[in-house]
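> My structure file run_19.cif, mmCIF, C-alpha atoms, is below:
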data_target
#
loop_
_atom_site.label_atom_id
_atom_site.label_comp_id
_atom_site.auth_asym_id
_atom_site.auth_seq_id
_atom_site.Cartn_x
_atom_site.Cartn_y
_atom_site.Cartn_z
CA MET A 1 -18.22 66.24 31.90
CA ALA A 2 -21.40 65.55 33.88
CA PRO A 3 -22.96 68.97 33.11
CA MET A 4 -22.07 68.53 29.45
CA ARG A 5 -23.79 65.10 29.34
CA ARG A 6 -26.88 66.52 31.03
CA PHE A 7 -26.91 69.36 28.50
CA LEU A 8 -26.62 66.95 25.55
CA THR A 9 -29.35 64.73 26.98
CA LEU A 10 -31.61 67.73 27.46
CA ALA A 11 -30.87 68.91 23.92
CA VAL A 12 -31.80 65.52 22.45
CA VAL A 13 -35.04 65.45 24.44
CA VAL A 14 -35.91 68.96 23.27
CA VAL A 15 -35.22 68.04 19.61
CA LEU A 16 -37.40 64.95 19.89
CA LEU A 17 -40.21 66.91 21.50
CA LEU A 18 -40.02 69.61 18.86
CA GLY A 19 -39.99 66.96 16.09
CA GLY A 20 -42.98 65.18 17.59
CA LEU A 21 -44.82 68.46 18.06
CA GLY A 22 -44.11 69.44 14.47
CA ALA A 23 -45.38 66.10 13.14
CA TRP A 24 -48.51 66.39 15.27
CA LEU A 25 -49.15 69.93 14.05
CA MET A 26 -48.70 68.84 10.42
CA TRP A 27 -51.13 65.90 10.86
CA ARG A 28 -53.59 68.18 12.61
CA THR A 29 -53.40 70.72 9.81
CA LEU A 30 -53.91 68.13 7.07
CA HIS A 31 -56.81 66.61 9.00
CA ARG A 32 -58.52 69.99 9.29
CA VAL A 33 -57.91 70.79 5.64
CA GLU A 34 -59.41 67.46 4.60
CA GLN A 35 -62.43 68.02 6.84
CA ALA A 36 -62.91 71.40 5.22
CA ALA A 37 -63.06 69.62 1.85
CA THR A 38 -60.05 71.60 0.61
CA LEU A 39 -58.23 68.30 0.15
CA THR A 40 -60.44 65.54 -1.26
CA LYS A 41 -59.74 61.95 -2.14
CA GLU A 42 -59.99 61.02 -5.79
CA GLU A 43 -60.82 57.62 -7.27
CA GLU A 44 -60.18 56.74 -10.89
CA GLN A 45 -61.66 53.79 -12.76
CA ILE A 46 -59.70 52.48 -15.72
CA ASP A 47 -60.97 49.98 -18.27
CA LEU A 48 -58.14 47.66 -19.28
CA GLY A 49 -60.19 46.02 -22.02
CA SER A 50 -62.94 43.45 -22.42
CA VAL A 51 -63.24 40.50 -24.76
CA VAL A 52 -66.39 38.54 -25.65
CA THR A 53 -65.46 34.87 -25.26
CA ARG A 54 -68.82 33.13 -25.75
CA VAL A 55 -72.17 33.87 -27.38
CA ARG A 56 -75.17 31.60 -26.86
CA SER A 57 -78.71 31.74 -28.11
CA LEU A 58 -81.10 31.47 -25.16
CA ALA A 59 -84.75 30.45 -24.99
CA ARG A 60 -85.27 30.80 -21.27
CA LEU A 61 -88.53 32.04 -19.84
CA GLU A 62 -88.09 33.89 -16.54
CA THR A 63 -91.23 33.43 -14.47
CA ALA A 64 -90.33 34.07 -10.82
CA SER A 65 -87.89 36.27 -8.91
CA MET A 66 -86.98 36.92 -5.28
CA HIS A 67 -85.08 39.78 -3.63
CA VAL A 68 -83.14 38.33 -0.68
CA ALA A 69 -80.91 39.83 2.04
CA ASN A 70 -78.31 37.81 3.92
CA VAL A 71 -75.73 38.43 6.65
CA SER A 72 -72.89 35.92 6.94
CA THR A 73 -69.44 35.65 8.47
CA VAL A 74 -66.35 33.94 7.05
CA LYS A 75 -63.50 33.18 9.46
CA GLN A 76 -59.90 32.06 9.21
CA GLY A 77 -57.80 30.90 12.12
CA TYR A 78 -55.19 28.54 13.50
CA ASN A 79 -55.93 25.78 15.98
CA LEU A 80 -53.24 26.70 18.47
CA LEU A 81 -53.39 30.49 18.24
CA PRO A 82 -56.10 32.88 19.48
CA ASP A 83 -58.05 34.68 16.78
CA LYS A 84 -57.10 38.08 18.19
CA PHE A 85 -53.48 37.28 17.25
CA ALA A 86 -53.77 35.18 14.07
CA GLY A 87 -57.39 35.20 12.97
CA ASP A 88 -59.06 36.92 10.05
CA GLU A 89 -62.81 37.45 10.01
CA ILE A 90 -65.20 39.29 7.73
CA THR A 91 -68.92 39.88 8.18
CA PHE A 92 -70.71 40.62 4.93
CA TYR A 93 -74.16 42.08 4.32
CA ALA A 94 -75.45 40.87 0.96
CA VAL A 95 -78.54 41.79 -1.03
CA GLY A 96 -79.30 39.96 -4.23
CA ASP A 97 -81.84 38.68 -6.70
CA VAL A 98 -82.67 35.12 -7.67
CA VAL A 99 -84.55 34.48 -10.91
CA ALA A 100 -86.10 31.13 -11.85
CA GLY A 101 -87.89 29.86 -14.91
CA ILE A 102 -87.87 27.20 -17.61
CA ASP A 103 -85.71 26.52 -20.64
CA LEU A 104 -88.06 26.34 -23.61
CA SER A 105 -85.30 25.01 -25.86
CA THR A 106 -85.55 21.60 -24.16
CA ILE A 107 -89.19 21.06 -25.18
CA GLN A 108 -89.41 18.32 -27.82
CA GLN A 109 -92.16 17.26 -30.20
CA LYS A 110 -93.15 14.40 -27.90
CA ASP A 111 -93.80 16.92 -25.11
CA VAL A 112 -96.75 18.50 -26.96
CA TRP A 113 -99.88 16.67 -28.13
CA ARG A 114 -103.63 17.10 -28.62
CA GLU A 115 -106.27 15.00 -26.97
CA PRO A 116 -109.43 13.80 -28.78
CA ASP A 117 -111.50 16.70 -27.38
CA GLY A 118 -109.03 19.20 -28.87
CA THR A 119 -107.21 20.04 -25.63
CA LEU A 120 -103.59 20.97 -26.20
CA VAL A 121 -101.36 19.27 -23.64
CA MET A 122 -97.81 20.46 -23.02
CA ARG A 123 -95.28 18.89 -20.72
CA LEU A 124 -93.05 21.65 -19.43
CA PRO A 125 -89.40 21.15 -18.45
CA GLN A 126 -88.45 21.24 -14.80
CA PRO A 127 -88.17 24.83 -13.52
CA GLN A 128 -84.72 25.88 -12.40
CA VAL A 129 -82.78 28.82 -11.02
CA LEU A 130 -81.58 30.75 -14.05
CA ILE A 131 -79.81 33.72 -12.48
CA SER A 132 -78.50 34.71 -9.07
CA ARG A 133 -76.67 37.96 -8.57
CA LEU A 134 -75.61 40.31 -5.80
CA ASP A 135 -76.54 43.96 -5.80
CA ASN A 136 -73.15 45.63 -5.44
CA ARG A 137 -74.74 48.96 -4.51
CA GLU A 138 -76.36 47.47 -1.41
CA SER A 139 -73.92 44.67 -0.53
CA HIS A 140 -70.96 45.61 1.64
CA VAL A 141 -68.61 44.57 4.43
CA ILE A 142 -70.04 45.51 7.82
CA ASN A 143 -67.16 44.26 9.99
CA ARG A 144 -63.56 43.09 9.53
CA LYS A 145 -61.33 41.70 12.28
CA THR A 146 -57.71 40.83 11.56
CA GLY A 147 -55.30 39.40 14.13
CA PHE A 148 -52.52 41.57 15.48
CA PHE A 149 -49.71 39.38 14.09
CA ARG A 150 -51.06 38.71 10.59
CA SER A 151 -52.02 40.61 7.46
CA ALA A 152 -55.54 40.57 6.04
CA ASP A 153 -56.30 37.91 3.43
CA GLN A 154 -57.00 39.85 0.23
CA GLY A 155 -59.21 37.08 -1.16
CA LEU A 156 -61.43 36.72 1.91
CA GLU A 157 -63.99 39.30 0.79
CA GLY A 158 -64.36 37.59 -2.59
CA ARG A 159 -65.02 34.25 -0.90
CA ALA A 160 -67.46 35.95 1.47
CA ARG A 161 -69.36 37.26 -1.56
CA GLN A 162 -69.48 33.80 -3.12
CA TYR A 163 -70.72 32.27 0.12
CA ALA A 164 -73.37 34.99 0.52
CA GLU A 165 -74.63 34.46 -3.04
CA GLN A 166 -74.96 30.72 -2.40
CA GLN A 167 -76.88 31.41 0.80
CA ILE A 168 -79.22 33.71 -1.11
CA ARG A 169 -79.84 30.93 -3.64
CA ASN A 170 -80.48 28.47 -0.81
CA GLU A 171 -82.97 30.82 0.83
CA ALA A 172 -84.84 31.24 -2.44
CA ALA A 173 -84.97 27.46 -2.80
CA ARG A 174 -86.35 27.13 0.73
CA LYS A 175 -89.05 29.62 -0.21
CA ASN A 176 -89.98 27.37 -3.18
CA ILE A 177 -88.96 29.69 -5.98
CA THR A 178 -89.04 26.82 -8.48
CA GLY A 179 -92.64 26.05 -7.58
CA MET A 180 -93.49 29.70 -8.17
CA ALA A 181 -91.64 29.52 -11.48
CA GLN A 182 -93.72 26.50 -12.55
CA GLU A 183 -96.97 28.33 -11.85
CA GLY A 184 -95.66 31.48 -13.50
CA ALA A 185 -94.69 29.59 -16.65
CA GLU A 186 -98.16 28.10 -16.98
CA ALA A 187 -99.75 31.50 -16.38
CA LYS A 188 -97.63 33.08 -19.11
CA LEU A 189 -97.88 30.32 -21.72
CA ALA A 190 -101.62 29.65 -21.46
CA PRO A 191 -102.74 33.05 -22.85
CA LEU A 192 -100.17 32.77 -25.63
CA LEU A 193 -101.47 29.36 -26.68
CA HIS A 194 -105.04 30.65 -26.53
CA THR A 195 -104.15 33.40 -29.01
CA LEU A 196 -102.80 30.70 -31.33
CA GLY A 197 -106.28 29.17 -31.53
CA PHE A 198 -106.20 26.51 -28.80
CA ALA A 199 -109.34 26.94 -26.70
CA LYS A 200 -108.33 24.31 -24.13
CA VAL A 201 -104.81 24.07 -22.74
CA ARG A 202 -103.43 21.82 -20.03
CA PHE A 203 -99.94 21.48 -18.67
CA GLU A 204 -98.44 18.22 -17.46
CA ARG A 205 -95.72 17.97 -14.85
CA ASN A 206 -93.35 15.02 -15.12
CA ALA A 207 -95.90 12.99 -17.05
CA ALA A 208 -95.10 10.61 -19.84
CA ALA A 209 -96.49 11.59 -23.18
CA PRO A 210 -99.29 9.27 -24.40
CA PRO A 211 -98.96 7.47 -27.71
CA PRO A 212 -100.19 9.47 -30.72
CA PRO A 213 -103.89 8.98 -31.48
CA LYS A 214 -104.69 6.42 -34.15
CA GLY A 215 -105.92 7.58 -37.50
#
What is this file in structure tokens?


Amino acid sequence: MAPMRRFLTLAVVVVLLLGGLGAWLMWRTLHRVEQAATLTKEEEQIDLGSVVTRVRSLARLETASMHVANVSTVKQGYNLLPDKFAGDEITFYAVGDVVAGIDLSTIQQKDVWREPDGTLVMRLPQPQVLISRLDNRESHVINRKTGFFRSADQGLEGRARQYAEQQIRNEAARKNITGMAQEGAEAKLAPLLHTLGFAKVRFERNAAAPPPPKG
């Protein structure tokens, strides 16, 4: 009986070794074939339909833009567990554009008047950030760490993108993009008003309009 048991044990070991060797050879073959570009990955993009839900008429004048890069990290974790076991972390490199300007549709009749010497005075609305967007071609995840005992949060990258876009907006605000937009609006509107026949043009910022001239 003892020789028979040793024989069966040896047979099982041999079968396992042969099975493992066969699996390794198959993986090795597929890996080489893929490297040789004989087997290539394919990606298909499918449009499941789009619907226009809102149409608005805009009168916004874009007068300043900034191209900003940002690197940020978003982390998840549990107070009593180490991150290497239960954490989830993503580091995101974001590149985006911030565009600022003024909304001409908010200008009212009281915001435009002429002074006795013929100068046209216009009070412009406060400049504001009109658009902020990430460049998806340049923005990407540069590092992802997920704990050994947890699965990756599928929504973490989306939240990292939102956080990065907000940081890009904040950086543009720190660099005074709205001040640049104010100056840009005046530089664009002045020549236009000159072509309309107003030789003298002045812009007011946060000034109250004077009463209309008498007579």

> Here is a test: counting all atoms listed in the file, which residue of A:Val112, A:Ile46, A:Ala94, A:Val51 is nearest to A:Gln162?

A:Ala94

> Would you please work out which residue, of A:Asn170, A:Ala59, A:Gln182, A:Val74, is nearest to A:Ser105 when using all atoms listed in the file?

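The answer is A:Ala59, which sits nearest to A:Ser105.
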
> At what distance in Å, to one decimal, does atom CA of A:Ile168 lie from atom CA of A:Ile107?

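We find that atom CA of A:Ile107 and atom CA of A:Ile168 lie 29.0 Å from each other.
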
> Pull the neighbourhood of (-90.1, 21.1, -20.0) for me: all residues within 12 Å in file coordinates, counting only C-alpha atoms, as a ChimeraX atom specification.

/A:59-61,101-112,121-128,182,185-186,203-209

> Give me, as an NGL selection string, all polymer residues having an atom no more than 10 Å from stretch 136-138 of chain A, counting all atoms listed in the file and skipping those fewer than 5 positions away in the same chain.

:A and (69 or 93-96 or 161)

> Let's have the selection written as a PDB file, in the coordinates of the input, with C-alpha atoms.


ATOM      1  CA  ALA A  69     -80.910  39.830   2.040  1.00  0.00           C
ATOM      2  CA  TYR A  93     -74.160  42.080   4.320  1.00  0.00           C
ATOM      3  CA  ALA A  94     -75.450  40.870   0.960  1.00  0.00           C
ATOM      4  CA  VAL A  95     -78.540  41.790  -1.030  1.00  0.00           C
ATOM      5  CA  GLY A  96     -79.300  39.960  -4.230  1.00  0.00           C
ATOM      6  CA  ARG A 161     -69.360  37.260  -1.560  1.00  0.00           C
TER       7      ARG A 161
END

> Quick one, how far is atom CA of A:Arg202 from atom CA of A:Lys188?

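Computing it gives 12.7 Å between the two atoms.
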
> Could you tell me which of A:Ala152, A:Ile131, A:Met180, A:Leu48 comes closest to A:Val99 if we count all atoms listed in the file?

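Closest to A:Val99, using all atoms listed in the file: A:Ile131.
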
> Just the number, please: distance in Å from atom CA of A:Ala173 to atom CA of A:Gln76, one decimal.

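A separation of 28.2 Å between them.
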
> Just say which residues the PyMOL selection byres ((chain A and resi 150) around 8) picks in this file, as a PyMOL selection string.

chain A and resi 85-87+146-149+151-152

> Can you spit out the residues from that selection as an mmCIF file, in the coordinates of the input, using C-alpha atoms?


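Generated output (out24.cif):
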data_model
loop_
_atom_site.group_PDB
_atom_site.id
_atom_site.type_symbol
_atom_site.label_atom_id
_atom_site.label_comp_id
_atom_site.auth_asym_id
_atom_site.auth_seq_id
_atom_site.Cartn_x
_atom_site.Cartn_y
_atom_site.Cartn_z
ATOM 1 C CA PHE A 85 -53.480 37.280 17.250
ATOM 2 C CA ALA A 86 -53.770 35.180 14.070
ATOM 3 C CA GLY A 87 -57.390 35.200 12.970
ATOM 4 C CA THR A 146 -57.710 40.830 11.560
ATOM 5 C CA GLY A 147 -55.300 39.400 14.130
ATOM 6 C CA PHE A 148 -52.520 41.570 15.480
ATOM 7 C CA PHE A 149 -49.710 39.380 14.090
ATOM 8 C CA SER A 151 -52.020 40.610 7.460
ATOM 9 C CA ALA A 152 -55.540 40.570 6.040
#

> Quick one: residues within 7 Å of A:Ser65, all atoms listed in the file, excluding same-chain residues fewer than 4 positions away - as a list in words?

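Returned residues: Asp97, Val98, Val99 and Ala100 of chain A.
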
> Under the rule that only C-alpha atoms are counted, which of A:Asp117, A:Ser132, A:Thr91, A:Lys145 is the nearest residue to A:Glu171?

A:Ser132

> Check the smallest atom-to-atom distance from each of A:Glu62, A:Asp83, A:Arg144, A:Leu120 to A:Ala181 using all atoms listed in the file, then report the winner.

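Among A:Glu62, A:Asp83, A:Arg144, A:Leu120, it is A:Glu62 that comes nearest to A:Ala181.
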
> Write out as a PDB file with C-alpha atoms, in the frame of the given file each polymer residue whose atoms come within 10 Å of A:Ala199, counting only C-alpha atoms; drop sequence neighbours fewer than 2 positions from it.


ATOM      1  CA  GLY A 118    -109.030  19.200 -28.870  1.00  0.00           C
ATOM      2  CA  THR A 119    -107.210  20.040 -25.630  1.00  0.00           C
ATOM      3  CA  LEU A 120    -103.590  20.970 -26.200  1.00  0.00           C
ATOM      4  CA  ALA A 190    -101.620  29.650 -21.460  1.00  0.00           C
ATOM      5  CA  PRO A 191    -102.740  33.050 -22.850  1.00  0.00           C
ATOM      6  CA  LEU A 193    -101.470  29.360 -26.680  1.00  0.00           C
ATOM      7  CA  HIS A 194    -105.040  30.650 -26.530  1.00  0.00           C
ATOM      8  CA  THR A 195    -104.150  33.400 -29.010  1.00  0.00           C
ATOM      9  CA  LEU A 196    -102.800  30.700 -31.330  1.00  0.00           C
ATOM     10  CA  GLY A 197    -106.280  29.170 -31.530  1.00  0.00           C
ATOM     11  CA  VAL A 201    -104.810  24.070 -22.740  1.00  0.00           C
TER      12      VAL A 201
END

> Quick one: apply the PyMOL selection byres ((chain A and resi 141) around 8) to the file and drop the selected residues here as a list in words.

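Those residues are Ile90, Thr91, Phe92, Tyr93, Ser139, His140, Ile142, Asn143, Arg144 and Glu157 of chain A.
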